[in-house]
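Dropping model28.cif in here (mmCIF, C-alpha atoms):
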data_work
loop_
_atom_site.label_atom_id
_atom_site.label_comp_id
_atom_site.auth_asym_id
_atom_site.auth_seq_id
_atom_site.Cartn_x
_atom_site.Cartn_y
_atom_site.Cartn_z
CA MET A 19 148.56 84.08 51.88
CA THR A 20 149.05 85.30 55.40
CA VAL A 21 148.03 88.93 55.76
CA PRO A 22 150.95 90.96 57.13
CA VAL A 23 149.99 92.79 60.33
CA THR A 24 152.25 95.35 62.02
CA ILE A 25 151.34 96.39 65.56
CA ARG A 26 153.51 98.75 67.59
CA ILE A 27 153.00 100.59 70.85
CA GLN A 28 155.78 103.13 71.22
CA GLU A 29 156.79 106.49 72.65
CA ALA A 30 158.46 107.53 69.39
CA ASP A 31 156.63 109.37 66.64
CA PHE A 32 155.69 107.64 63.37
CA ASP A 33 155.71 108.75 59.76
CA VAL A 34 152.61 107.90 57.76
CA ALA A 35 154.42 108.04 54.39
CA ALA A 36 157.20 105.73 55.59
CA GLU A 37 154.70 103.28 57.15
CA THR A 38 152.59 103.26 53.97
CA ALA A 39 155.67 102.68 51.81
CA ALA A 40 156.80 99.82 54.08
CA MET A 41 153.34 98.26 53.84
CA THR A 42 152.97 98.45 50.05
CA ARG A 43 156.59 97.82 48.98
CA GLY A 44 156.82 94.94 46.49
CA ARG A 45 153.04 94.41 46.51
CA THR A 46 150.93 94.54 43.36
CA ASP A 47 147.70 93.25 44.92
CA ILE A 48 146.95 96.39 46.93
CA GLY A 49 144.56 98.78 45.23
CA ALA A 50 143.54 100.86 48.24
CA VAL A 51 145.15 102.04 51.46
CA VAL A 52 142.99 103.88 53.98
CA SER A 53 144.94 105.75 56.64
CA PHE A 54 143.57 107.22 59.83
CA MET A 55 145.73 109.40 62.07
CA GLY A 56 144.63 110.64 65.47
CA LEU A 57 146.37 113.81 66.69
CA CYS A 58 146.62 115.54 70.06
CA ARG A 59 144.23 118.55 70.11
CA GLY A 60 145.09 121.75 71.94
CA VAL A 61 141.47 122.73 72.52
CA GLU A 62 138.71 120.89 74.38
CA GLY A 63 135.48 122.91 74.36
CA ASP A 64 136.37 126.34 75.76
CA ASP A 65 139.50 125.10 77.50
CA THR A 66 143.04 124.60 76.27
CA VAL A 67 144.95 121.35 76.61
CA ALA A 68 148.69 121.71 77.20
CA ALA A 69 149.50 118.00 76.91
CA LEU A 70 148.16 114.46 77.01
CA THR A 71 149.85 111.57 78.78
CA LEU A 72 148.93 108.12 77.53
CA GLU A 73 149.25 104.97 79.62
CA HIS A 74 148.62 101.40 78.45
CA TYR A 75 148.52 97.86 79.79
CA PRO A 76 151.68 96.34 78.31
CA GLY A 77 151.04 92.88 76.91
CA MET A 78 147.26 93.08 77.02
CA ALA A 79 147.15 96.07 74.65
CA GLU A 80 149.26 94.30 72.00
CA GLU A 81 147.31 91.02 72.35
CA GLU A 82 143.94 92.76 72.17
CA ILE A 83 144.88 94.82 69.10
CA GLN A 84 146.17 91.64 67.41
CA ARG A 85 142.87 89.89 68.15
CA HIS A 86 140.91 92.77 66.59
CA ALA A 87 143.25 92.91 63.59
CA ASP A 88 142.58 89.17 63.09
CA GLU A 89 138.85 89.88 63.37
CA ALA A 90 139.08 92.64 60.71
CA ILE A 91 140.90 90.22 58.39
CA LYS A 92 138.16 87.62 58.92
CA ARG A 93 135.40 90.13 58.17
CA TRP A 94 136.83 91.94 55.15
CA PRO A 95 139.23 91.05 52.28
CA ILE A 96 142.13 92.95 53.85
CA THR A 97 145.64 92.47 52.43
CA ALA A 98 147.75 94.34 55.05
CA LEU A 99 147.27 96.21 58.35
CA THR A 100 149.45 98.57 60.35
CA ILE A 101 148.39 99.83 63.77
CA ILE A 102 150.67 102.14 65.78
CA HIS A 103 149.63 103.69 69.10
CA ARG A 104 151.87 106.11 70.97
CA VAL A 105 152.21 106.30 74.77
CA GLY A 106 153.87 108.83 77.05
CA ARG A 107 153.50 112.62 77.09
CA LEU A 108 152.28 114.24 73.87
CA VAL A 109 151.64 117.90 73.09
CA PRO A 110 149.08 119.48 70.73
CA GLY A 111 149.86 118.68 67.13
CA ASP A 112 151.62 115.41 68.01
CA ASN A 113 150.49 112.17 66.41
CA ILE A 114 148.73 109.71 68.74
CA VAL A 115 147.55 106.81 66.62
CA LEU A 116 147.88 105.44 63.08
CA VAL A 117 145.73 102.81 61.39
CA LEU A 118 146.57 101.74 57.83
CA ALA A 119 144.25 99.27 56.15
CA ALA A 120 145.07 97.89 52.69
CA SER A 121 142.85 95.98 50.33
CA ALA A 122 142.26 95.40 46.61
CA HIS A 123 139.34 97.85 46.75
CA ARG A 124 138.44 100.77 48.96
CA GLN A 125 135.27 99.52 50.72
CA ALA A 126 137.02 96.85 52.79
CA ALA A 127 139.87 99.21 53.67
CA PHE A 128 137.50 101.94 54.89
CA ALA A 129 135.43 99.46 56.91
CA ALA A 130 138.44 97.79 58.57
CA ALA A 131 140.06 101.14 59.46
CA GLU A 132 136.83 102.39 61.03
CA PHE A 133 136.25 99.13 62.93
CA LEU A 134 139.79 99.19 64.33
CA MET A 135 139.55 102.85 65.36
CA ASP A 136 136.19 102.31 67.06
CA TYR A 137 137.76 99.43 68.99
CA LEU A 138 140.87 101.45 69.95
CA LYS A 139 138.74 104.37 71.23
CA ALA A 140 136.38 102.33 73.41
CA ASN A 141 137.93 99.03 74.43
CA ALA A 142 141.71 98.89 73.99
CA PRO A 143 143.55 99.20 77.35
CA PHE A 144 144.84 102.77 76.98
CA TRP A 145 144.11 105.76 79.23
CA LYS A 146 144.63 109.48 78.64
CA ARG A 147 145.48 112.13 81.20
CA GLU A 148 144.95 115.75 80.12
CA GLU A 149 146.88 118.79 81.34
CA ARG A 150 144.50 121.75 81.28
CA SER A 151 144.65 125.35 82.54
CA ASP A 152 143.22 124.31 85.95
CA GLY A 153 145.29 121.19 86.49
CA SER A 154 145.43 117.66 85.14
CA ARG A 155 142.70 115.06 84.99
CA TRP A 156 142.06 111.61 83.54
CA VAL A 157 139.91 111.78 80.41
CA GLU A 158 136.49 110.22 80.99
CA ALA A 159 135.20 107.59 78.58
CA HIS A 160 132.42 108.70 76.24
CA SER A 161 129.26 106.66 75.80
CA ARG A 162 129.38 107.70 72.12
CA ASP A 163 132.60 105.67 71.77
CA ASP A 164 130.88 102.59 73.25
CA ALA A 165 127.97 103.14 70.85
CA ALA A 166 130.37 103.45 67.91
CA LEU A 167 131.97 100.11 68.83
CA ALA A 168 128.63 98.39 69.50
CA ARG A 169 127.47 98.82 65.90
CA TRP A 170 130.09 96.27 64.78
CA SER A 171 128.76 93.64 67.18
CA LYS A 172 127.32 90.56 65.50
CA ASP A 173 125.19 89.47 68.50
CA MET B 9 147.93 86.18 92.50
CA LYS B 10 149.38 89.28 90.94
CA VAL B 11 147.13 92.36 90.86
CA LYS B 12 147.81 95.28 88.52
CA TYR B 13 146.31 98.77 88.58
CA PHE B 14 146.16 101.38 85.83
CA ALA B 15 145.38 105.10 85.41
CA TRP B 16 143.54 106.67 88.38
CA VAL B 17 143.06 103.31 90.07
CA ARG B 18 146.86 103.02 90.20
CA GLU B 19 147.25 106.62 91.40
CA ARG B 20 144.72 106.24 94.22
CA ILE B 21 146.19 102.95 95.47
CA GLY B 22 149.75 104.18 95.06
CA VAL B 23 151.32 101.05 93.53
CA ASP B 24 151.14 99.67 90.00
CA GLU B 25 151.19 96.01 91.00
CA GLU B 26 151.34 93.73 94.02
CA THR B 27 150.93 90.10 95.00
CA VAL B 28 147.92 89.28 97.18
CA GLU B 29 146.45 86.15 98.75
CA PRO B 30 142.72 86.70 99.23
CA PRO B 31 140.83 84.32 101.57
CA PRO B 32 138.89 81.40 100.01
CA ALA B 33 135.57 83.26 100.44
CA VAL B 34 136.73 85.71 97.75
CA THR B 35 135.63 83.86 94.61
CA THR B 36 134.66 86.49 92.00
CA VAL B 37 136.05 89.74 90.58
CA ALA B 38 133.39 91.64 92.57
CA ASP B 39 134.45 89.83 95.78
CA LEU B 40 138.08 90.74 95.10
CA ILE B 41 137.15 94.41 94.62
CA GLY B 42 135.29 94.35 97.95
CA TRP B 43 138.21 92.66 99.71
CA LEU B 44 140.80 95.07 98.24
CA ALA B 45 138.61 98.11 99.09
CA ALA B 46 138.92 97.19 102.79
CA ARG B 47 142.75 97.23 102.70
CA GLY B 48 143.12 100.98 103.27
CA GLU B 49 142.11 104.52 102.41
CA GLY B 50 143.64 104.58 98.91
CA TYR B 51 141.99 101.26 98.05
CA ALA B 52 138.65 102.45 99.39
CA LEU B 53 138.90 105.58 97.24
CA ALA B 54 139.95 103.62 94.13
CA PHE B 55 137.02 101.22 94.49
CA GLU B 56 134.41 103.66 95.87
CA LYS B 57 132.27 103.15 92.74
CA PRO B 58 132.80 99.45 91.89
CA GLY B 59 130.42 99.74 88.93
CA VAL B 60 132.88 102.04 87.15
CA ILE B 61 135.86 99.70 87.52
CA ARG B 62 136.83 97.46 84.60
CA ALA B 63 138.75 94.24 85.14
CA ALA B 64 140.87 91.80 83.20
CA ILE B 65 142.00 88.29 84.16
CA ASP B 66 145.19 87.10 82.49
CA ARG B 67 144.89 90.00 80.02
CA ALA B 68 141.31 89.37 78.90
CA HIS B 69 138.37 91.61 79.80
CA VAL B 70 136.05 90.01 82.39
CA ARG B 71 132.86 90.94 84.24
CA ALA B 72 132.25 91.45 87.96
CA GLU B 73 130.69 87.98 88.36
CA THR B 74 133.62 86.16 86.70
CA PRO B 75 135.32 83.65 89.05
CA ILE B 76 138.94 84.43 89.90
CA HIS B 77 139.92 80.84 90.65
CA GLY B 78 143.16 79.98 88.83
CA ALA B 79 143.88 83.58 87.79
CA ARG B 80 147.56 84.47 87.62
CA GLU B 81 147.11 88.19 86.90
CA VAL B 82 144.07 90.33 87.69
CA ALA B 83 144.04 93.96 86.53
CA PHE B 84 141.75 96.84 87.54
CA PHE B 85 141.34 100.07 85.59
CA PRO B 86 138.88 102.80 84.60
CA PRO B 87 136.92 102.74 81.32
CA MET B 88 139.40 102.96 78.46
CA THR B 89 140.12 106.15 76.53
CA GLY B 90 142.59 105.21 73.80
CA GLY B 91 142.78 106.35 70.21
#
Is it possible to express this structure as structure tokens?
Amino acid sequence: MTVPVTIRIQEADFDVAAETAAMTRGRTDIGAVVSFMGLCRGVEGDDTVAALTLEHYPGMAEEEIQRHADEAIKRWPITALTIIHRVGRLVPGDNIVLVLAASAHRQAAFAAAEFLMDYLKANAPFWKREERSDGSRWVEAHSRDDAALARWSKD
Amino acid sequence: MKVKYFAWVRERIGVDEETVEPPPAVTTVADLIGWLAARGEGYALAFEKPGVIRAAIDRAHVRAETPIHGAREVAFFPPMTGG
């Protein structure tokens, strides 16, 4: 059976309960759904963040996420995936990203969700601009995110 | 070929995409960065640290030494910060 994969990049908010219901409706083979939600934080160290603006590479972002979803399905017995990433201006408390990974059992769902999040953080074509008390700046990439992604490498 | 810029690369250059015709001596991604950097102040600023710049050819990540021959769309951007 083809594993259903939903990928959306959108300005609009999402609802985790509605997305989970849409994913599991009519299915009796799903025994586990792992959900990860990333939210916009209002604090960064000692500073406050008023807003985040997210930019992406239209086309490439969707294709790359699809490729990594396919990779997750190859690696683990996944039965459904939903990946939603928001773009545009978001304020603290807003949702940024949702990953839902479904499987018969929890281990595969946890692993796939973590793999997809590590990929989204370090290598998906999205960029964040932060509005702080002293002006706005592009968020710099963290080497810890590259390290998190590298542990999934099969080289 | 079409060239696209994202995030602070786009801001420094001042346009999000353009069509360019580099000379035949420009054969790799690194050559293209060098050639673009000489086009003006904004370009020079965007590409002042070429080692930081990431590139994609036809929507796939590539390295500095990748040939650009046959590319329809080349994109330049900073390290990614999604999620």
Would you give me, as a tab-separated table, each residue of chain A having an atom within 12 Å of an atom of chain B, along with its shortest atom pair and that distance in Å to one decimal, using all atoms listed in the file and sorting by chain and residue number?
residue	atom	partner	partner_atom	distance
A:Ile27	CA	B:Gly91	CA	11.7
A:Phe54	CA	B:Gly91	CA	10.4
A:Met55	CA	B:Gly91	CA	9.2
A:Gly56	CA	B:Gly91	CA	6.7
A:Leu57	CA	B:Gly91	CA	9.0
A:Cys58	CA	B:Gly91	CA	10.0
A:Leu70	CA	B:Gly90	CA	11.3
A:Thr71	CA	B:Ala15	CA	10.3
A:Leu72	CA	B:Gly90	CA	7.9
A:Glu73	CA	B:Ala15	CA	7.0
A:His74	CA	B:Phe14	CA	7.8
A:Tyr75	CA	B:Phe14	CA	7.4
A:Pro76	CA	B:Arg67	CA	9.4
A:Gly77	CA	B:Arg67	CA	7.5
A:Met78	CA	B:Arg67	CA	4.9
A:Ala79	CA	B:Arg67	CA	8.4
A:Glu80	CA	B:Arg67	CA	10.1
A:Glu81	CA	B:Arg67	CA	8.1
A:Glu82	CA	B:Ala68	CA	8.0
A:Ile83	CA	B:Gly90	CA	11.6
A:Arg85	CA	B:Ala68	CA	10.9
A:Ile101	CA	B:Gly91	CA	10.7
A:Ile102	CA	B:Gly91	CA	10.0
A:His103	CA	B:Gly91	CA	7.4
A:Arg104	CA	B:Gly91	CA	9.1
A:Val105	CA	B:Gly90	CA	9.7
A:Asn113	CA	B:Gly91	CA	10.4
A:Ile114	CA	B:Gly91	CA	7.0
A:Val115	CA	B:Gly91	CA	6.0
A:Leu116	CA	B:Gly91	CA	8.8
A:Val117	CA	B:Gly91	CA	10.0
A:Glu132	CA	B:Gly91	CA	11.6
A:Leu134	CA	B:Gly91	CA	9.7
A:Met135	CA	B:Gly91	CA	6.8
A:Asp136	CA	B:Gly91	CA	8.3
A:Tyr137	CA	B:Gly91	CA	8.6
A:Leu138	CA	B:Gly91	CA	5.3
A:Lys139	CA	B:Gly91	CA	4.6
A:Ala140	CA	B:Met88	CA	5.9
A:Asn141	CA	B:Met88	CA	5.8
A:Ala142	CA	B:Gly90	CA	6.4
A:Pro143	CA	B:Met88	CA	5.7
A:Phe144	CA	B:Gly90	CA	4.6
A:Trp145	CA	B:Thr89	CA	4.8
A:Lys146	CA	B:Thr89	CA	6.0
A:Arg147	CA	B:Ala15	CA	8.2
A:Glu148	CA	B:Thr89	CA	11.3
A:Ser154	CA	B:Trp16	CA	11.6
A:Arg155	CA	B:Trp16	CA	9.1
A:Trp156	CA	B:Trp16	CA	7.1
A:Val157	CA	B:Thr89	CA	6.8
A:Glu158	CA	B:Thr89	CA	7.0
A:Ala159	CA	B:Thr89	CA	5.5
A:His160	CA	B:Thr89	CA	8.1
A:Ser161	CA	B:Pro87	CA	10.2
A:Arg162	CA	B:Thr89	CA	11.7
A:Asp163	CA	B:Thr89	CA	8.9
A:Asp164	CA	B:Met88	CA	10.0
Exercise for review: Record the distance separating CA of Glu149 (chain A) and CA of Gln28 (chain A), expressed in Å with one decimal.
Suggested key: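 Computing the Euclidean distance for CA of Glu149 (chain A) and CA of Gln28 (chain A) yields 20.7 Å.
Rounded to one decimal, CA of Ala130 (chain A) and CA of Ile91 (chain A) lie 8.0 Å from each other.
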Check your understanding: Using the chain letters and numbers from the file, which residues does the PyMOL selection byres ((chain A and resi 68) around 9) grab, as a PyMOL selection string?
Key -> chain A and resi 59-61+66-67+69-70+108-110+148-151
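You will find CA of Glu19 (chain B) at 21.6 Å from CA of Ala72 (chain B).
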When the PyMOL selection byres ((chain B and resi 26) around 8) is applied to the file above, which residues end up in the set, as a CSV table (one decimal) with C-alpha atoms, in the frame of the given file?
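So the final result, stored in selection17.csv, reads:
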chain,number,residue,atom,x,y,z
B,10,LYS,CA,149.4,89.3,90.9
B,11,VAL,CA,147.1,92.4,90.9
B,12,LYS,CA,147.8,95.3,88.5
B,23,VAL,CA,151.3,101.0,93.5
B,24,ASP,CA,151.1,99.7,90.0
B,25,GLU,CA,151.2,96.0,91.0
B,27,THR,CA,150.9,90.1,95.0
B,28,VAL,CA,147.9,89.3,97.2
Review point. Taking (137.7, 97.5, 86.1) in the file's coordinates as the center, which residues reach within 7 Å of it, counting only C-alpha atoms, put as a ChimeraX atom specification?
Key: /B:60-63,84-86
Practice item. Given the file shown, enumerate the residues that the PyMOL selection byres ((chain B and resi 41) around 10) captures and present them as a list in words. Key: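 For this structure, the PyMOL selection byres ((chain B and resi 41) around 10) resolves to Val34, Thr36, Val37, Ala38, Asp39, Leu40, Gly42, Trp43, Leu44, Ala45, Ala46, Tyr51, Ala52, Ala54, Phe55, Glu56, Pro58, Ile61, Ala63, Ala72 and Phe84 of chain B.
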Exercise for review: Can you work out which one of A:Ile96, A:Val34, A:Met41, A:Val23 has the shortest atom-to-atom distance to Gln125 (chain A), counting all atoms listed in the file?
Suggested key: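 The shortest atom-to-atom distance to Gln125 (chain A) comes from A:Ile96.
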Exercise for review: Between B:Val17, B:Ile65, B:Ile76, B:Leu53, single out the one closest to Thr35 (chain B), counting only C-alpha atoms.
Suggested key: B:Ile76
What would region 10-36 of chain B look like with N, CA and C atoms restored, written as a compact mmCIF listing (two decimals), in the coordinates of the input?
# COMPACT_ATOMS: atom_id res chain seq x y z
N LYS B 10 148.88 87.93 91.17
CA LYS B 10 149.38 89.28 90.94
C LYS B 10 148.20 90.19 90.60
N VAL B 11 148.18 91.39 91.18
CA VAL B 11 147.13 92.36 90.86
C VAL B 11 147.79 93.60 90.29
N LYS B 12 147.27 94.08 89.17
CA LYS B 12 147.81 95.28 88.52
C LYS B 12 146.76 96.37 88.50
N TYR B 13 147.22 97.62 88.60
CA TYR B 13 146.31 98.77 88.58
C TYR B 13 146.79 99.76 87.53
N PHE B 14 145.81 100.40 86.86
CA PHE B 14 146.16 101.38 85.83
C PHE B 14 145.39 102.69 86.02
N ALA B 15 145.97 103.76 85.45
CA ALA B 15 145.38 105.10 85.41
C ALA B 15 145.02 105.56 86.84
N TRP B 16 143.80 106.12 87.04
CA TRP B 16 143.54 106.67 88.38
C TRP B 16 143.37 105.60 89.45
N VAL B 17 143.10 104.38 89.07
CA VAL B 17 143.06 103.31 90.07
C VAL B 17 144.47 103.13 90.66
N ARG B 18 145.46 103.14 89.78
CA ARG B 18 146.86 103.02 90.20
C ARG B 18 147.26 104.22 91.08
N GLU B 19 146.88 105.42 90.64
CA GLU B 19 147.25 106.62 91.40
C GLU B 19 146.65 106.63 92.81
N ARG B 20 145.37 106.22 92.91
CA ARG B 20 144.72 106.24 94.22
C ARG B 20 145.31 105.19 95.16
N ILE B 21 145.64 104.02 94.62
CA ILE B 21 146.19 102.95 95.47
C ILE B 21 147.67 103.22 95.77
N GLY B 22 148.37 103.79 94.80
CA GLY B 22 149.75 104.18 95.06
C GLY B 22 150.80 103.17 94.62
N VAL B 23 150.36 102.02 94.10
CA VAL B 23 151.32 101.05 93.53
C VAL B 23 150.77 100.57 92.20
N ASP B 24 151.66 100.14 91.30
CA ASP B 24 151.14 99.67 90.00
C ASP B 24 150.88 98.17 89.99
N GLU B 25 151.53 97.43 90.89
CA GLU B 25 151.19 96.01 91.00
C GLU B 25 151.63 95.46 92.35
N GLU B 26 151.00 94.38 92.75
CA GLU B 26 151.34 93.73 94.02
C GLU B 26 150.86 92.28 93.96
N THR B 27 151.36 91.49 94.91
CA THR B 27 150.93 90.10 95.00
C THR B 27 150.04 89.97 96.23
N VAL B 28 148.86 89.40 96.06
CA VAL B 28 147.92 89.28 97.18
C VAL B 28 147.46 87.83 97.31
N GLU B 29 147.02 87.48 98.52
CA GLU B 29 146.45 86.15 98.75
C GLU B 29 145.10 86.31 99.42
N PRO B 30 144.04 86.53 98.63
CA PRO B 30 142.72 86.70 99.23
C PRO B 30 142.22 85.41 99.88
N PRO B 31 141.37 85.53 100.92
CA PRO B 31 140.83 84.32 101.57
C PRO B 31 139.92 83.54 100.62
N PRO B 32 139.67 82.25 100.93
CA PRO B 32 138.89 81.40 100.01
C PRO B 32 137.48 81.93 99.74
N ALA B 33 136.93 82.73 100.64
CA ALA B 33 135.57 83.26 100.44
C ALA B 33 135.51 84.25 99.28
N VAL B 34 136.67 84.77 98.87
CA VAL B 34 136.73 85.71 97.75
C VAL B 34 136.81 84.90 96.46
N THR B 35 135.66 84.76 95.77
CA THR B 35 135.63 83.86 94.61
C THR B 35 135.43 84.57 93.27
N THR B 36 134.92 85.80 93.28
CA THR B 36 134.66 86.49 92.00
C THR B 36 135.44 87.81 91.95
